[in-house]
Amino acid sequence: MTTQKEVQLKEARYVVTFMAAVGTINLYLLRNSLNIAIISMVGVKNSSLDVGNQSETESLQTTVHVCPRYQTNSTTDVHFTQYQQGEFDWTLAKQGLLLSCYFYGYTFSNIPGAWVAKLFGIRATLGVVSFVSSILTILIPLTARLNFGFLVAVRLLIGLFQGVTLPTIMQAIGIWSPPCEHTRHIAISFIGVTSGNMVAFTLAGLIVASFGWECVFYA
């Protein structure tokens, strides 16, 4: 017969698993927000191409490299294409650095992640990591307008903090889940990997089109 203590322990396990799922959703939301927003952030100019690579990309010189906006002429009701100008004129090298620097910090903090969770506790670690990462994400529009180096530093810090997330979740499963239920709790915990991507890539474009690229980082 199941005792009240056993029931409470089982409920606690699923609370931890749900918390882990929310953590992974948050991880991929914050990671991929810039991937969509950068399309509207960057200007459409040939100067966005690296000078050293222009000889290798001659076919790109006369091509506009953003998705067009399709609008309707209210008079003729004919669709025409209007290309959107961005606020920043970053080279392809800068754009690549901006998208990749997240993973530099992320890779580095993956190694001590479980040790940090063991030292400070699972709830405190995951809570602080999610909170600080969210605050840093809100600061992206401000830092982008101030200085490109500041923006790179912010993205690097976001990756550094979020690299702790998955090791912390595995630590939680190892402590709270009995061996016979490991696969179930891992499956629930990592549902955020796919759902976070789905939400980010589905809603980010709609937010940019409706409210502007800054709102992606605020939302």
# chains A, B, ... in the order shown; residues from 1 in each chain; ligands from 1

call {"tool": "residues_around", "arguments": {"residues": "segment 147-152 of chain A", "least_positions_apart": "5", "cutoff": "7 Å", "atoms": "only C-alpha atoms", "output": "JSON, numbers by chain"}}
result
{"A": [98, 101, 140]}

call {"tool": "residues_around", "arguments": {"residues": "segment 116-124 of chain A", "least_positions_apart": "2", "cutoff": "12 Å", "atoms": "only C-alpha atoms", "output": "ChimeraX atom specification"}}
result
/A:15-17,19-20,23,109-114,126-132,161,163-176

call {"tool": "residues_around", "arguments": {"residues": "Leu160 of chain A", "least_positions_apart": "2", "cutoff": "6 Å", "atoms": "only C-alpha atoms", "output": "VMD selection string"}}
result
chain A and resid 105 to 106 109 157 to 158 162 to 163

call {"tool": "write_last_selection", "arguments": {"atoms": "N, CA, C and O atoms", "output": "short mmCIF file (atom, residue, chain, number, x, y, z; two decimals), in the first residue's frame"}}
result
data_model
loop_
_atom_site.label_atom_id
_atom_site.label_comp_id
_atom_site.auth_asym_id
_atom_site.auth_seq_id
_atom_site.Cartn_x
_atom_site.Cartn_y
_atom_site.Cartn_z
N GLY A 105 30.74 30.34 -24.83
CA GLY A 105 30.45 30.31 -23.41
C GLY A 105 29.68 29.07 -23.00
O GLY A 105 29.93 28.48 -21.94
N TYR A 106 28.77 28.64 -23.85
CA TYR A 106 27.94 27.48 -23.57
C TYR A 106 28.79 26.22 -23.42
O TYR A 106 28.59 25.41 -22.50
N SER A 109 30.97 26.28 -20.04
CA SER A 109 30.28 26.09 -18.75
C SER A 109 29.57 24.74 -18.65
O SER A 109 29.11 24.37 -17.58
N LEU A 157 28.01 35.86 -22.38
CA LEU A 157 27.57 35.63 -21.00
C LEU A 157 26.30 34.79 -20.96
O LEU A 157 26.14 33.93 -20.08
N ILE A 158 25.37 35.04 -21.89
CA ILE A 158 24.14 34.24 -21.95
C ILE A 158 24.50 32.77 -22.16
O ILE A 158 23.97 31.88 -21.49
N GLN A 162 23.81 29.72 -19.58
CA GLN A 162 22.88 28.67 -19.98
C GLN A 162 23.55 27.32 -20.20
O GLN A 162 22.87 26.31 -20.23
N GLY A 163 24.88 27.33 -20.33
CA GLY A 163 25.56 26.05 -20.45
C GLY A 163 25.43 25.18 -19.21
O GLY A 163 25.65 23.97 -19.26
#

call {"tool": "closest_residue", "arguments": {"among": "A:Val199, A:Ala209, A:Leu30, A:Ala187", "to": "Leu136 of chain A", "atoms": "only C-alpha atoms"}}
result
A:Leu30

call {"tool": "residues_around", "arguments": {"residues": "Ala12 of chain A", "least_positions_apart": "6", "cutoff": "10 Å", "atoms": "only C-alpha atoms", "output": "MDAnalysis selection string"}}
result
chainID A and resid 6 18 176:177

call {"tool": "closest_residue", "arguments": {"among": "A:Ile25, A:Asp89, A:Leu9, A:Tyr14", "to": "His182 of chain A", "atoms": "only C-alpha atoms"}}
result
A:Tyr14

call {"tool": "residues_around", "arguments": {"residues": "Pro141 of chain A", "least_positions_apart": "6", "cutoff": "10 Å", "atoms": "only C-alpha atoms", "output": "JSON, numbers by chain"}}
result
{"A": [41, 151, 213, 214, 215, 216, 217, 218]}

call {"tool": "write_last_selection", "arguments": {"atoms": "N, CA, C and O atoms", "output": "mmCIF file, in the first residue's frame"}}
result
data_model
loop_
_atom_site.group_PDB
_atom_site.id
_atom_site.type_symbol
_atom_site.label_atom_id
_atom_site.label_comp_id
_atom_site.auth_asym_id
_atom_site.auth_seq_id
_atom_site.Cartn_x
_atom_site.Cartn_y
_atom_site.Cartn_z
ATOM 1 N N MET A 41 17.498 43.091 -38.171
ATOM 2 C CA MET A 41 18.456 44.015 -37.565
ATOM 3 C C MET A 41 19.508 44.494 -38.553
ATOM 4 O O MET A 41 19.979 45.625 -38.474
ATOM 5 N N LEU A 151 27.585 43.839 -27.252
ATOM 6 C CA LEU A 151 26.602 42.839 -27.659
ATOM 7 C C LEU A 151 27.222 41.442 -27.678
ATOM 8 O O LEU A 151 26.601 40.472 -27.228
ATOM 9 N N TRP A 213 11.883 44.257 -34.163
ATOM 10 C CA TRP A 213 12.830 43.221 -33.726
ATOM 11 C C TRP A 213 13.147 43.307 -32.248
ATOM 12 O O TRP A 213 13.457 42.288 -31.618
ATOM 13 N N GLU A 214 13.072 44.500 -31.651
ATOM 14 C CA GLU A 214 13.397 44.632 -30.224
ATOM 15 C C GLU A 214 12.468 43.804 -29.352
ATOM 16 O O GLU A 214 12.870 43.252 -28.321
ATOM 17 N N CYS A 215 11.208 43.698 -29.754
ATOM 18 C CA CYS A 215 10.192 43.025 -28.922
ATOM 19 C C CYS A 215 10.445 41.534 -28.799
ATOM 20 O O CYS A 215 9.924 40.909 -27.875
ATOM 21 N N VAL A 216 11.201 40.955 -29.730
ATOM 22 C CA VAL A 216 11.530 39.527 -29.611
ATOM 23 C C VAL A 216 12.293 39.272 -28.313
ATOM 24 O O VAL A 216 12.046 38.305 -27.604
ATOM 25 N N PHE A 217 13.216 40.179 -27.979
ATOM 26 C CA PHE A 217 14.046 39.999 -26.788
ATOM 27 C C PHE A 217 13.285 40.383 -25.517
ATOM 28 O O PHE A 217 13.596 39.899 -24.435
ATOM 29 N N TYR A 218 12.302 41.241 -25.640
ATOM 30 C CA TYR A 218 11.497 41.587 -24.473
ATOM 31 C C TYR A 218 10.467 40.495 -24.181
ATOM 32 O O TYR A 218 10.178 40.194 -23.023
#

call {"tool": "closest_residue", "arguments": {"among": "A:Ile191, A:Ala200, A:Ala153, A:Ile186", "to": "Arg31 of chain A", "atoms": "only C-alpha atoms"}}
result
A:Ala200

call {"tool": "closest_residue", "arguments": {"among": "A:Asn35, A:Asn197, A:Thr125, A:Thr183", "to": "Tyr102 of chain A", "atoms": "only C-alpha atoms"}}
result
A:Asn35

call {"tool": "select_by_dssp", "arguments": {"residues": "segment 81-187 of chain A", "states": "alpha helix (DSSP H)", "output": "CSV table (one decimal) with N, CA, C and O atoms, in the first residue's frame"}}
result
chain,number,residue,atom,x,y,z
A,92,LEU,N,29.4,40.1,-42.7
A,92,LEU,CA,29.1,38.7,-42.5
A,92,LEU,C,29.9,38.1,-41.4
A,92,LEU,O,29.5,37.2,-40.7
A,93,ALA,N,31.2,38.5,-41.3
A,93,ALA,CA,32.0,38.0,-40.2
A,93,ALA,C,31.5,38.4,-38.8
A,93,ALA,O,31.5,37.6,-37.9
A,94,LYS,N,31.0,39.6,-38.7
A,94,LYS,CA,30.4,40.1,-37.4
A,94,LYS,C,29.1,39.3,-37.1
A,94,LYS,O,28.9,38.9,-36.0
A,95,GLN,N,28.3,39.1,-38.1
A,95,GLN,CA,27.1,38.3,-37.9
A,95,GLN,C,27.4,36.9,-37.5
A,95,GLN,O,26.8,36.3,-36.6
A,96,GLY,N,28.4,36.3,-38.1
A,96,GLY,CA,28.8,34.9,-37.7
A,96,GLY,C,29.3,34.9,-36.3
A,96,GLY,O,29.0,34.0,-35.6
A,97,LEU,N,30.2,35.9,-35.9
A,97,LEU,CA,30.7,36.0,-34.6
A,97,LEU,C,29.6,36.1,-33.6
A,97,LEU,O,29.5,35.5,-32.5
A,98,LEU,N,28.6,36.9,-33.9
A,98,LEU,CA,27.5,37.2,-33.0
A,98,LEU,C,26.6,35.9,-32.8
A,98,LEU,O,26.2,35.7,-31.6
A,99,LEU,N,26.4,35.2,-33.8
A,99,LEU,CA,25.6,33.9,-33.7
A,99,LEU,C,26.4,32.8,-33.0
A,99,LEU,O,25.8,31.9,-32.4
A,100,SER,N,27.7,32.8,-33.2
A,100,SER,CA,28.5,31.7,-32.7
A,100,SER,C,29.1,31.9,-31.2
A,100,SER,O,29.4,31.0,-30.5
A,101,CYS,N,29.2,33.2,-30.8
A,101,CYS,CA,29.9,33.5,-29.5
A,101,CYS,C,29.0,32.9,-28.4
A,101,CYS,O,29.6,32.6,-27.3
A,102,TYR,N,27.7,32.7,-28.6
A,102,TYR,CA,26.9,32.1,-27.6
A,102,TYR,C,27.5,30.7,-27.2
A,102,TYR,O,27.5,30.3,-26.0
A,103,PHE,N,27.9,30.0,-28.2
A,103,PHE,CA,28.3,28.6,-28.0
A,103,PHE,C,29.7,28.5,-27.4
A,103,PHE,O,30.1,27.4,-26.9
A,104,TYR,N,30.5,29.5,-27.5
A,104,TYR,CA,31.8,29.5,-26.9
A,104,TYR,C,31.6,29.5,-25.3
A,104,TYR,O,32.2,28.6,-24.7
A,105,GLY,N,30.7,30.3,-24.8
A,105,GLY,CA,30.5,30.3,-23.4
A,105,GLY,C,29.7,29.1,-23.0
A,105,GLY,O,29.9,28.5,-21.9
A,106,TYR,N,28.8,28.6,-23.9
A,106,TYR,CA,27.9,27.5,-23.6
A,106,TYR,C,28.8,26.2,-23.4
A,106,TYR,O,28.6,25.4,-22.5
A,107,THR,N,29.7,26.0,-24.3
A,107,THR,CA,30.6,24.9,-24.3
A,107,THR,C,31.5,24.9,-23.0
A,107,THR,O,31.7,23.8,-22.4
A,108,PHE,N,32.0,26.0,-22.7
A,108,PHE,CA,32.9,26.1,-21.5
A,108,PHE,C,32.2,25.8,-20.2
A,108,PHE,O,32.7,25.1,-19.4
A,109,SER,N,31.0,26.3,-20.0
A,109,SER,CA,30.3,26.1,-18.8
A,109,SER,C,29.6,24.7,-18.7
A,109,SER,O,29.1,24.4,-17.6
A,110,ASN,N,29.5,24.0,-19.8
A,110,ASN,CA,28.9,22.6,-19.7
A,110,ASN,C,29.7,21.7,-18.8
A,110,ASN,O,29.2,20.9,-18.1
A,113,GLY,N,29.1,22.4,-15.0
A,113,GLY,CA,27.7,22.6,-14.7
A,113,GLY,C,27.1,21.8,-13.6
A,113,GLY,O,26.5,22.3,-12.7
A,114,ALA,N,27.3,20.5,-13.7
A,114,ALA,CA,26.8,19.6,-12.6
A,114,ALA,C,27.5,19.8,-11.3
A,114,ALA,O,26.8,19.8,-10.2
A,115,TRP,N,28.7,20.2,-11.3
A,115,TRP,CA,29.4,20.5,-10.1
A,115,TRP,C,28.9,21.8,-9.4
A,115,TRP,O,28.7,21.8,-8.2
A,116,VAL,N,28.5,22.8,-10.2
A,116,VAL,CA,27.9,24.0,-9.7
A,116,VAL,C,26.6,23.7,-9.1
A,116,VAL,O,26.2,24.2,-8.0
A,117,ALA,N,25.8,22.8,-9.8
A,117,ALA,CA,24.4,22.4,-9.2
A,117,ALA,C,24.6,21.7,-7.9
A,117,ALA,O,23.8,21.9,-7.0
A,118,LYS,N,25.6,20.8,-7.8
A,118,LYS,CA,25.8,20.1,-6.6
A,118,LYS,C,26.2,21.0,-5.5
A,118,LYS,O,25.9,20.8,-4.3
A,119,LEU,N,27.0,22.1,-5.8
A,119,LEU,CA,27.5,23.0,-4.8
A,119,LEU,C,26.5,23.9,-4.3
A,119,LEU,O,26.4,24.2,-3.1
A,120,PHE,N,25.7,24.5,-5.2
A,120,PHE,CA,24.7,25.5,-4.8
A,120,PHE,C,23.3,25.0,-4.7
A,120,PHE,O,22.4,25.8,-4.3
A,122,ILE,N,20.2,22.5,-6.9
A,122,ILE,CA,19.6,22.4,-8.2
A,122,ILE,C,18.6,23.6,-8.5
A,122,ILE,O,18.7,24.3,-9.5
A,123,ARG,N,17.7,23.9,-7.5
A,123,ARG,CA,16.7,24.9,-7.7
A,123,ARG,C,17.4,26.3,-7.8
A,123,ARG,O,17.0,27.1,-8.7
A,124,ALA,N,18.3,26.5,-6.9
A,124,ALA,CA,19.0,27.8,-6.9
A,124,ALA,C,19.8,28.0,-8.2
A,124,ALA,O,19.7,29.1,-8.8
A,125,THR,N,20.5,27.0,-8.6
A,125,THR,CA,21.3,27.1,-9.9
A,125,THR,C,20.4,27.4,-11.1
A,125,THR,O,20.7,28.3,-11.9
A,126,LEU,N,19.4,26.5,-11.3
A,126,LEU,CA,18.5,26.7,-12.4
A,126,LEU,C,17.8,28.0,-12.4
A,126,LEU,O,17.6,28.6,-13.4
A,127,GLY,N,17.3,28.4,-11.2
A,127,GLY,CA,16.6,29.7,-11.1
A,127,GLY,C,17.5,30.9,-11.4
A,127,GLY,O,17.0,31.8,-12.2
A,128,VAL,N,18.7,30.9,-10.9
A,128,VAL,CA,19.6,32.0,-11.1
A,128,VAL,C,20.0,32.1,-12.6
A,128,VAL,O,20.0,33.2,-13.2
A,129,VAL,N,20.3,30.9,-13.1
A,129,VAL,CA,20.7,30.9,-14.5
A,129,VAL,C,19.6,31.4,-15.5
A,129,VAL,O,19.9,32.2,-16.4
A,130,SER,N,18.4,30.9,-15.3
A,130,SER,CA,17.3,31.4,-16.1
A,130,SER,C,17.0,32.9,-15.9
A,130,SER,O,16.8,33.6,-16.9
A,131,PHE,N,17.1,33.4,-14.7
A,131,PHE,CA,16.8,34.8,-14.4
A,131,PHE,C,17.8,35.7,-15.0
A,131,PHE,O,17.5,36.6,-15.7
A,132,VAL,N,19.1,35.4,-14.8
A,132,VAL,CA,20.2,36.2,-15.3
A,132,VAL,C,20.2,36.2,-16.8
A,132,VAL,O,20.4,37.2,-17.5
A,133,SER,N,20.0,35.0,-17.4
A,133,SER,CA,20.0,34.9,-18.9
A,133,SER,C,18.8,35.7,-19.5
A,133,SER,O,19.0,36.4,-20.6
A,134,SER,N,17.7,35.7,-18.8
A,134,SER,CA,16.6,36.5,-19.3
A,134,SER,C,16.9,38.0,-19.2
A,134,SER,O,16.5,38.8,-20.2
A,135,ILE,N,17.5,38.5,-18.1
A,135,ILE,CA,17.8,39.9,-18.0
A,135,ILE,C,18.8,40.3,-19.1
A,135,ILE,O,18.7,41.4,-19.7
A,136,LEU,N,19.8,39.5,-19.3
A,136,LEU,CA,20.8,39.8,-20.4
A,136,LEU,C,20.2,39.8,-21.7
A,136,LEU,O,20.6,40.6,-22.6
A,137,THR,N,19.2,39.0,-22.0
A,137,THR,CA,18.5,39.0,-23.3
A,137,THR,C,17.7,40.3,-23.5
A,137,THR,O,17.7,40.8,-24.6
A,138,ILE,N,17.1,40.8,-22.4
A,138,ILE,CA,16.4,42.1,-22.5
A,138,ILE,C,17.3,43.2,-22.8
A,138,ILE,O,16.9,44.2,-23.5
A,140,ILE,N,19.8,43.1,-24.9
A,140,ILE,CA,20.4,43.0,-26.2
A,140,ILE,C,20.1,44.2,-27.1
A,140,ILE,O,21.0,44.7,-27.8
A,141,PRO,N,18.9,44.7,-27.2
A,141,PRO,CA,18.7,45.9,-28.0
A,141,PRO,C,19.5,47.1,-27.6
A,141,PRO,O,20.0,47.8,-28.4
A,142,LEU,N,19.6,47.3,-26.3
A,142,LEU,CA,20.4,48.4,-25.8
A,142,LEU,C,21.9,48.3,-26.1
A,142,LEU,O,22.5,49.2,-26.6
A,143,THR,N,22.5,47.1,-25.9
A,143,THR,CA,23.9,46.9,-26.2
A,143,THR,C,24.2,46.9,-27.7
A,143,THR,O,25.3,47.3,-28.1
A,144,ALA,N,23.2,46.4,-28.5
A,144,ALA,CA,23.4,46.4,-29.9
A,144,ALA,C,23.6,47.9,-30.4
A,144,ALA,O,24.4,48.1,-31.4
A,145,ARG,N,22.9,48.8,-29.8
A,145,ARG,CA,22.9,50.2,-30.3
A,145,ARG,C,24.1,50.9,-29.7
A,145,ARG,O,24.6,51.9,-30.2
A,146,LEU,N,24.6,50.5,-28.5
A,146,LEU,CA,25.7,51.1,-27.9
A,146,LEU,C,27.0,50.7,-28.5
A,146,LEU,O,27.8,51.6,-29.0
A,148,PHE,N,29.1,47.1,-30.6
A,148,PHE,CA,29.0,45.7,-31.1
A,148,PHE,C,29.8,44.8,-30.1
A,148,PHE,O,29.3,43.7,-29.8
A,149,GLY,N,30.9,45.3,-29.5
A,149,GLY,CA,31.6,44.5,-28.5
A,149,GLY,C,30.8,44.2,-27.3
A,149,GLY,O,30.9,43.1,-26.8
A,150,PHE,N,30.0,45.2,-26.9
A,150,PHE,CA,29.1,44.9,-25.7
A,150,PHE,C,28.1,43.8,-26.0
A,150,PHE,O,27.8,42.9,-25.2
A,151,LEU,N,27.6,43.8,-27.3
A,151,LEU,CA,26.6,42.8,-27.7
A,151,LEU,C,27.2,41.4,-27.7
A,151,LEU,O,26.6,40.5,-27.2
A,152,VAL,N,28.4,41.3,-28.2
A,152,VAL,CA,29.1,40.1,-28.2
A,152,VAL,C,29.4,39.6,-26.8
A,152,VAL,O,29.2,38.4,-26.5
A,153,ALA,N,29.7,40.5,-25.9
A,153,ALA,CA,29.9,40.1,-24.5
A,153,ALA,C,28.7,39.6,-23.8
A,153,ALA,O,28.7,38.6,-23.1
A,154,VAL,N,27.5,40.2,-24.2
A,154,VAL,CA,26.3,39.8,-23.6
A,154,VAL,C,25.9,38.4,-24.1
A,154,VAL,O,25.5,37.6,-23.3
A,155,ARG,N,26.0,38.2,-25.4
A,155,ARG,CA,25.7,36.9,-25.9
A,155,ARG,C,26.7,35.8,-25.4
A,155,ARG,O,26.2,34.7,-25.1
A,156,LEU,N,27.9,36.2,-25.2
A,156,LEU,CA,28.9,35.2,-24.6
A,156,LEU,C,28.5,34.9,-23.1
A,156,LEU,O,28.5,33.7,-22.7
A,157,LEU,N,28.0,35.9,-22.4
A,157,LEU,CA,27.6,35.6,-21.0
A,157,LEU,C,26.3,34.8,-21.0
A,157,LEU,O,26.1,33.9,-20.1
A,158,ILE,N,25.4,35.0,-21.9
A,158,ILE,CA,24.1,34.2,-22.0
A,158,ILE,C,24.5,32.8,-22.2
A,158,ILE,O,24.0,31.9,-21.5
A,159,GLY,N,25.4,32.5,-23.1
A,159,GLY,CA,25.8,31.1,-23.3
A,159,GLY,C,26.5,30.5,-22.1
A,159,GLY,O,26.3,29.4,-21.8
A,160,LEU,N,27.3,31.4,-21.5
A,160,LEU,CA,28.1,30.9,-20.3
A,160,LEU,C,27.1,30.5,-19.2
A,160,LEU,O,27.3,29.4,-18.5
A,161,PHE,N,26.1,31.3,-18.9
A,161,PHE,CA,25.1,30.9,-17.9
A,161,PHE,C,24.2,29.7,-18.3
A,161,PHE,O,24.0,28.8,-17.5
A,162,GLN,N,23.8,29.7,-19.6
A,162,GLN,CA,22.9,28.7,-20.0
A,162,GLN,C,23.6,27.3,-20.2
A,162,GLN,O,22.9,26.3,-20.2
A,165,THR,N,22.6,24.7,-17.7
A,165,THR,CA,21.2,24.2,-17.6
A,165,THR,C,21.1,22.7,-17.7
A,165,THR,O,20.6,22.0,-16.9
A,166,LEU,N,21.6,22.2,-18.8
A,166,LEU,CA,21.4,20.7,-19.1
A,166,LEU,C,22.2,19.9,-18.1
A,166,LEU,O,21.6,18.9,-17.6
A,167,PRO,N,23.4,20.2,-17.7
A,167,PRO,CA,24.0,19.4,-16.6
A,167,PRO,C,23.3,19.4,-15.3
A,167,PRO,O,23.2,18.5,-14.6
A,168,THR,N,22.7,20.6,-15.0
A,168,THR,CA,21.9,20.7,-13.8
A,168,THR,C,20.6,19.8,-13.9
A,168,THR,O,20.3,19.2,-12.9
A,169,ILE,N,20.0,19.8,-15.0
A,169,ILE,CA,18.8,18.9,-15.2
A,169,ILE,C,19.2,17.5,-15.0
A,169,ILE,O,18.5,16.7,-14.4
A,170,MET,N,20.3,17.1,-15.6
A,170,MET,CA,20.7,15.7,-15.5
A,170,MET,C,21.1,15.4,-14.0
A,170,MET,O,20.8,14.2,-13.5
A,171,GLN,N,21.6,16.3,-13.3
A,171,GLN,CA,21.9,16.2,-11.9
A,171,GLN,C,20.6,15.9,-11.1
A,171,GLN,O,20.5,15.1,-10.2
A,172,ALA,N,19.6,16.7,-11.5
A,172,ALA,CA,18.3,16.6,-10.8
A,172,ALA,C,17.6,15.3,-11.1
A,172,ALA,O,17.1,14.6,-10.2
A,173,ILE,N,17.7,14.8,-12.3
A,173,ILE,CA,17.1,13.5,-12.6
A,173,ILE,C,17.9,12.4,-11.9
A,173,ILE,O,17.3,11.4,-11.4
A,174,GLY,N,19.2,12.5,-11.8
A,174,GLY,CA,20.0,11.5,-11.1
A,174,GLY,C,19.6,11.4,-9.6
A,174,GLY,O,19.7,10.3,-9.0
A,175,ILE,N,19.3,12.5,-9.0
A,175,ILE,CA,19.0,12.6,-7.6
A,175,ILE,C,17.5,12.2,-7.3
A,175,ILE,O,17.3,11.4,-6.4
A,176,TRP,N,16.6,12.7,-8.1
A,176,TRP,CA,15.2,12.6,-7.8
A,176,TRP,C,14.5,11.4,-8.4
A,176,TRP,O,13.5,10.9,-7.9
A,182,HIS,N,14.2,6.7,-15.0
A,182,HIS,CA,15.1,7.6,-15.6
A,182,HIS,C,14.7,8.1,-17.0
A,182,HIS,O,14.7,9.2,-17.3
A,183,THR,N,14.3,7.1,-17.9
A,183,THR,CA,14.0,7.4,-19.3
A,183,THR,C,12.8,8.3,-19.3
A,183,THR,O,12.7,9.2,-20.2
A,184,ARG,N,11.8,8.0,-18.5
A,184,ARG,CA,10.5,8.8,-18.5
A,184,ARG,C,10.8,10.3,-18.1
A,184,ARG,O,10.4,11.2,-18.8
A,185,HIS,N,11.6,10.5,-17.0
A,185,HIS,CA,11.9,11.8,-16.6
A,185,HIS,C,12.8,12.6,-17.5
A,185,HIS,O,12.7,13.8,-17.7
A,186,ILE,N,13.7,11.8,-18.2
A,186,ILE,CA,14.6,12.5,-19.2
A,186,ILE,C,13.7,12.9,-20.4
A,186,ILE,O,13.9,14.0,-20.9
A,187,ALA,N,12.8,12.1,-20.8
A,187,ALA,CA,11.9,12.4,-21.9
A,187,ALA,C,11.1,13.7,-21.6
A,187,ALA,O,11.0,14.6,-22.5

call {"tool": "atom_distance", "arguments": {"atom1": "atom CA of Pro178 of chain A", "atom2": "atom CA of Thr24 of chain A"}}
result
21.2 Å

call {"tool": "closest_residue", "arguments": {"among": "A:Ala37, A:Leu27, A:Ile188, A:Val22", "to": "Ala204 of chain A", "atoms": "only C-alpha atoms"}}
result
A:Ala37
